[in-house]
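Notes to accompany the following structure.
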There are 2 protein chains.
Amino acid sequence: MRMTQLFGRPSKTEGTDYEIASHKLLVQAGFIRESTAGRYFMLPLGMAVHHKVADIVRRQMNKTGAQEIVTPVLHPLELWAETNRTTTAGFELMKVRDRRGADFALGGTAEEMAVDLVRKFNLSYKDLPFQVYQFSMKFRDEMRARGGLLRVREFVMKDGYSFSTKEQFTAIYDRMRDCYTDIFTELGLKTDVVAADNGYIGGEYCHEFVAPAESGESRYFVDEKSGYAAHEDVATFVQESPNDHETLRPMKPIEAKRGRTMKDGIAHHGLEDWRQIKDVLFVDEPSDRYILAVIRGDLDVNETKLMQLAKAWGMRLATDDEVRHDVGSEPGFLSPVGIAKKGIKTGRRIVVVADDSLKLIHNMYGGANAKHQDLVDINYARDWEPDITGDIAMAKAGMMSNEGGKLIERRGIEVGNIFQLGYHYTKLMSGAEYTDASGVRQPYYMGCYGIGIGRTMAAIVEAHHDERGIVWPAAVAPYAATVVRLGNDESIVKAADELVVKMEASGIDVLYDDRDVSAGIKFADADLIGLPWRITVSAKTIAAGNKAELKRRTASETNLVDLAAVTAAIS
Amino acid sequence: MRMTQLFGRPSKTEGTDYEIASHKLLVQAGFIRESTAGRYFMLPLGMAVHHKVADIVRRQMNKTGAQEIVTPVLHPLELWAETNRTTTAGFELMKVRDRRGADFALGGTAEEMAVDLVRKFNLSYKDLPFQVYQFSMKFRDEMRARGGLLRVREFVMKDGYSFSTKEQFTAIYDRMRDCYTDIFTELGLKTDVVAADNGYIGGEYCHEFVAPAESGESRYFVDEKSGYAAHEDVATFVQESPNDHETLRPMKPIEAKRGRTMKDGIAHHGLEDWRQIKDVLFVDEPSDRYILAVIRGDLDVNETKLMQLAKAWGMRLATDDEVRHDVGSEPGFLSPVGIAKKGIKTGRRIVVVADDSLKLIHNMYGGANAKHQDLVDINYARDWEPDITGDIAMAKAGMMSNEGGKLIERRGIEVGNIFQLGYHYTKLMSGAEYTDASGVRQPYYMGCYGIGIGRTMAAIVEAHHDERGIVWPAAVAPYAATVVRLGNDESIVKAADELVVKMEASGIDVLYDDRDVSAGIKFADADLIGLPWRITVSAKTIAAGNKAELKRRTASETNLVDLAAVTAAIS
């Protein structure tokens, strides 16, 4: 490809204010261009990378025996109603009605479609296990798009769905974990395999493949000693018992003219932070309940854990007005001790959810559900009982993991994920069954497996760039090399043209910089685009005995090679 | 691929009532499955064909220098407003609003997106000409979907957009015509290149690539002598002057107690059909006009030609009530002679549009805008004058083409089209300009080029099938051969397994029928799926001296070949 003919050439005047490296570099180098916020044109250089990434994913998926299909982009909305996802979907679904009045969701993920396809076939245990996958455009009505291809509203996702018996599933899940590790390794991406929350997808466990990057949105914890890795949403840690030697003292109320924060409580009582009870009151609109989350004062409530534990899918913080006039308490003085069972005005149920950590602390202190009234020497089970107890705590760097090492905090880009779905969809969607060996109909046991192609491209750039531009790994570089021609003399043009023809005949994809611009611009653009090899043909290299100057994008040294030997040198 | 593992195996119980061969065969053989009307799942066998078709299209497009991109599927609606296509689009656009209130069209075609992309770049005459193209899902809110992949609501289209000067355009258009011819030839499809109507796409001329097929929706006319081929919407023919020797007689009114049809008029007057004036009254809602189309009695009004000539984009037939009480005439007795200029009640303008043919006929007859009142010896220009005159006639088989031969009628499937767009979009969308050699900004001159991938698949099946199933051309067959194993004896299984491994190692894609079903079912399914070669391994072929039975899908004879020689025999 001649640079003079390339649509979408580098431009350093574009995106100068973009903060994320992959965003800025992909736009400036001419791989992508924004349409509207969160929606991108893929330009010819970007398409070349897209195809290379997709081909690697496809080949590795096929190796596992998965079979490629395509589902319609518009999903009949009644399928999403079968699984109640019209309301639980974490992203807001985009919906459209056709002129005959039929309603559709713009596919954001395709579990229902995969199940609906599979249930059209009358399969038996002999057909299990199998997996179907597709590459298709997915839609998410994100409130905030950000950072180029990192969080967009429209993107190509490879999504796969496995159907098996429950017994077969572990082997499939492990195989997909290996498959994904192979894919990202081949793409030149180091990833952590991180336990995560299933969210609106459903199922009981899942893992994210996260490429470590400062620009990433996934915060997770790793215990390098044991290999434990978990997203902040689900990370667990060792609960401490700092004062289990203390005898339980009788609880007593005391006046407490203090402010409403945790800090105010600590200062007023002169006691340890972990001894204070932290109360956070939420309203869960879908279930019409108050959720009073209670935890040790030095820990934070993990809303994802709380949501899962309390099955509260639409939580918001309660207002001061609700605390005072419906719950009958006082902001800053909330307490599980003696809290009402239901709202005074609304009749809304009040559910107390306690973190496990509270069971291990003796003689705590905190509010008494009235202004300037506190309680001291509160003890779990003796003085109050929660409706639900479990792990609702957010892990922190430095805590001990349950696997024996210390938790280290990392940030990264979620480039893929694998989900156990179990019977979640197949029990909600009627007829999603196979015939077992004894002739009985059984629901399929499912898993699903996603990779965002564009986000993977961005993650590769985040991991492979320097201050001058992108440094593509050879496996996904849009071209293997750029031939930079300096000068327009006939002999130079002839030598460069012939070199390019010869390289292309050898199967090497070449980006040929035949522009009439300065050497400085050509070299800067070559670095910006980031192909593995730069091959310069100039009066100087020709004069040196029909040579070309070779330079790897990753190295600073150059060396002169006979024009006839270039192809061999870079192959 | 082992048939026991294939997702989507043949099933003769599916689609038994489907009328169109490609619909029935693609469903029964396991290439596609319906989701909802007009939306299909592509199954693994279908995906294999899809990739082969798309790869051929991509390679041929790249050969012309066109560059692959992808535009977002959701097009900002304001772009369609810039070109007024929110109202003129012939298909109803599907629209969606995101939760921030932004409106989008689900892309049905991407002229605006291509222009919007290109105008983001500051290009000059040195960058011209160029073409960008994409493969992406397109959406059409069709009222009636039909026939499997022939007319669907969602489909992958390859759409390309060229940008050039006006002077460069003819060469581009010719190159794309050749490119498309090469593509369809490589795909095994004979196509007619048929002049057609630009419709909502805009521009001045275009050609459809039509694969002749009885199931096709495109009706067109071919003059085999000259090579002239035109869609019924635009086909022209030689106008006759059957009675130009007659002297013009004075027009006179006569009583005519007759029915309201053309036949009634002929019977009542005992005169030739071509001498009668045919009047058809339309209402064009968008422009709030009556359109009175007037034509020779033996010809039919071509609504597409009429729509273009009168710029009437939303026509419907007028009601009897409108004819009587607003236009002040009488159904069956309408006449351009003395017709009112505007509606009595609505004030709606009445525009008379005459077909060219009327100019050549002397002494015509027809209604007089009152019940049972006719006029005879009406003469064009002398007795009445139309507001617009032009070609609004529908061609018929047997008419003489303007190129010297007789028109033959054909039906076929429109698999591709190429459009001259000219300045249609670039003058409506501001900033769609390049800088010419003298530094002046000039609008781009455009063309666009589409191929429906799914419809092409269906057209290939329409052209290549017999009563037993599909007969895939080798270039697009999902696998090169099927190996049919008859029997489960160890020696047979071993021989067949080894043969498949060897063929795959030689790069031959094999569908291996390892099922435990009868020979009859295996042979019938092999014919249904339609791979180029069938290779049978059985006790008989092994006993004959380690042989396999080879059969081409297109032939009835079989022959025995050494197992070791199979790969060479079919390569």
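Please note that chains go A, B, ... in the order of the structure tokens, that every chain numbers its residues from 1, and that ligands are numbered from 1 in the order shown.
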If we count only C-alpha atoms and set the cut-off at 10 Å, which residues sit around Pro242 in chain A, ignoring sequence neighbours fewer than 4 positions away in its own chain? Please answer as a list in words.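 Listed by chain and then number, they are Glu246, Trp274, Arg275, Leu360, Ile361 and His362 of chain A.
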List the neighbours of range 408-420 of chain A out to 7 Å using only C-alpha atoms; skip same-chain residues closer than 2 positions along the sequence, and give me the result as a PyMOL selection string. chain A and resi 203-223+397-398+406+422+446-452+455-456+459
Find the residues of chain B in contact range of chain A, meaning any atom within 9 Å when counting only C-alpha atoms, and list them as a VMD selection string. chain B and resid 4 to 8 33 to 36 39 to 48 65 67 to 76 92 94 to 100 113 116 to 118 120 to 121 126 to 132 136 to 137 141 to 143 154 to 155
Just C-alpha atoms for this one: save the residues we selected as an mmCIF file, in the first residue's frame.
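Below is the file that was written, selection21.cif:
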data_model
loop_
_atom_site.group_PDB
_atom_site.id
_atom_site.type_symbol
_atom_site.label_atom_id
_atom_site.label_comp_id
_atom_site.auth_asym_id
_atom_site.auth_seq_id
_atom_site.Cartn_x
_atom_site.Cartn_y
_atom_site.Cartn_z
ATOM 1 C CA THR B 4 -21.629 -36.030 14.595
ATOM 2 C CA GLN B 5 -20.179 -32.784 15.931
ATOM 3 C CA LEU B 6 -21.612 -30.376 13.376
ATOM 4 C CA PHE B 7 -24.080 -27.903 14.834
ATOM 5 C CA GLY B 8 -27.027 -27.722 12.432
ATOM 6 C CA ARG B 33 -32.388 -21.022 10.479
ATOM 7 C CA GLU B 34 -35.069 -18.375 10.935
ATOM 8 C CA SER B 35 -35.077 -16.227 14.076
ATOM 9 C CA THR B 36 -38.138 -14.090 13.325
ATOM 10 C CA ARG B 39 -34.038 -12.375 10.322
ATOM 11 C CA TYR B 40 -31.841 -15.427 10.127
ATOM 12 C CA PHE B 41 -29.254 -17.253 12.138
ATOM 13 C CA MET B 42 -26.298 -18.214 9.997
ATOM 14 C CA LEU B 43 -25.286 -21.749 11.034
ATOM 15 C CA PRO B 44 -21.725 -23.156 10.754
ATOM 16 C CA LEU B 45 -22.237 -24.453 7.194
ATOM 17 C CA GLY B 46 -23.731 -21.082 6.230
ATOM 18 C CA MET B 47 -20.841 -19.214 7.855
ATOM 19 C CA ALA B 48 -18.354 -21.239 5.819
ATOM 20 C CA GLY B 65 -7.627 -0.203 -4.960
ATOM 21 C CA GLN B 67 -9.849 0.220 0.982
ATOM 22 C CA GLU B 68 -11.795 -1.557 3.707
ATOM 23 C CA ILE B 69 -13.231 0.400 6.619
ATOM 24 C CA VAL B 70 -16.170 0.005 8.985
ATOM 25 C CA THR B 71 -18.674 2.716 9.882
ATOM 26 C CA PRO B 72 -20.809 2.582 13.013
ATOM 27 C CA VAL B 73 -24.114 0.740 12.529
ATOM 28 C CA LEU B 74 -25.991 3.541 14.295
ATOM 29 C CA HIS B 75 -25.919 6.627 12.085
ATOM 30 C CA PRO B 76 -26.539 10.014 13.709
ATOM 31 C CA GLU B 92 -38.820 2.860 6.217
ATOM 32 C CA MET B 94 -35.483 2.053 11.666
ATOM 33 C CA LYS B 95 -34.702 4.675 14.279
ATOM 34 C CA VAL B 96 -33.544 4.472 17.868
ATOM 35 C CA ARG B 97 -32.954 7.046 20.604
ATOM 36 C CA ASP B 98 -30.278 6.523 23.228
ATOM 37 C CA ARG B 99 -30.786 7.377 26.882
ATOM 38 C CA ARG B 100 -29.054 10.717 26.467
ATOM 39 C CA MET B 113 -21.635 8.082 6.925
ATOM 40 C CA ASP B 116 -19.216 12.389 6.959
ATOM 41 C CA LEU B 117 -16.034 10.359 7.382
ATOM 42 C CA VAL B 118 -14.359 11.748 4.285
ATOM 43 C CA LYS B 120 -13.288 14.969 8.400
ATOM 44 C CA PHE B 121 -10.095 14.786 6.317
ATOM 45 C CA LYS B 126 -3.741 14.530 -5.336
ATOM 46 C CA ASP B 127 -5.669 12.142 -3.108
ATOM 47 C CA LEU B 128 -8.324 11.465 -5.761
ATOM 48 C CA PRO B 129 -9.781 9.140 -6.764
ATOM 49 C CA PHE B 130 -10.275 6.753 -3.890
ATOM 50 C CA GLN B 131 -12.881 4.326 -2.653
ATOM 51 C CA VAL B 132 -13.729 3.024 0.813
ATOM 52 C CA SER B 136 -21.618 -4.561 7.750
ATOM 53 C CA MET B 137 -25.073 -5.471 8.941
ATOM 54 C CA ASP B 141 -37.935 -2.225 7.811
ATOM 55 C CA GLU B 142 -39.524 -4.299 5.031
ATOM 56 C CA MET B 143 -43.276 -4.795 5.338
ATOM 57 C CA GLU B 154 -31.251 -7.611 8.345
ATOM 58 C CA PHE B 155 -28.316 -8.652 6.169
#
From range 329-481 of chain B, collect each residue whose DSSP state is helix (DSSP H, G or I) and return the set as a PyMOL selection string. chain B and resi 356-360+424-428+453-463+474-476
Based on the backbone DSSP call, show me all residues of range 287-506 of chain B assigned strand (DSSP E), as a ChimeraX atom specification. /B:289-296,315-317,349-355,364-370,373-378,388-390,408-422,433-435,441-443,445-452,465-466,469-470,481-485
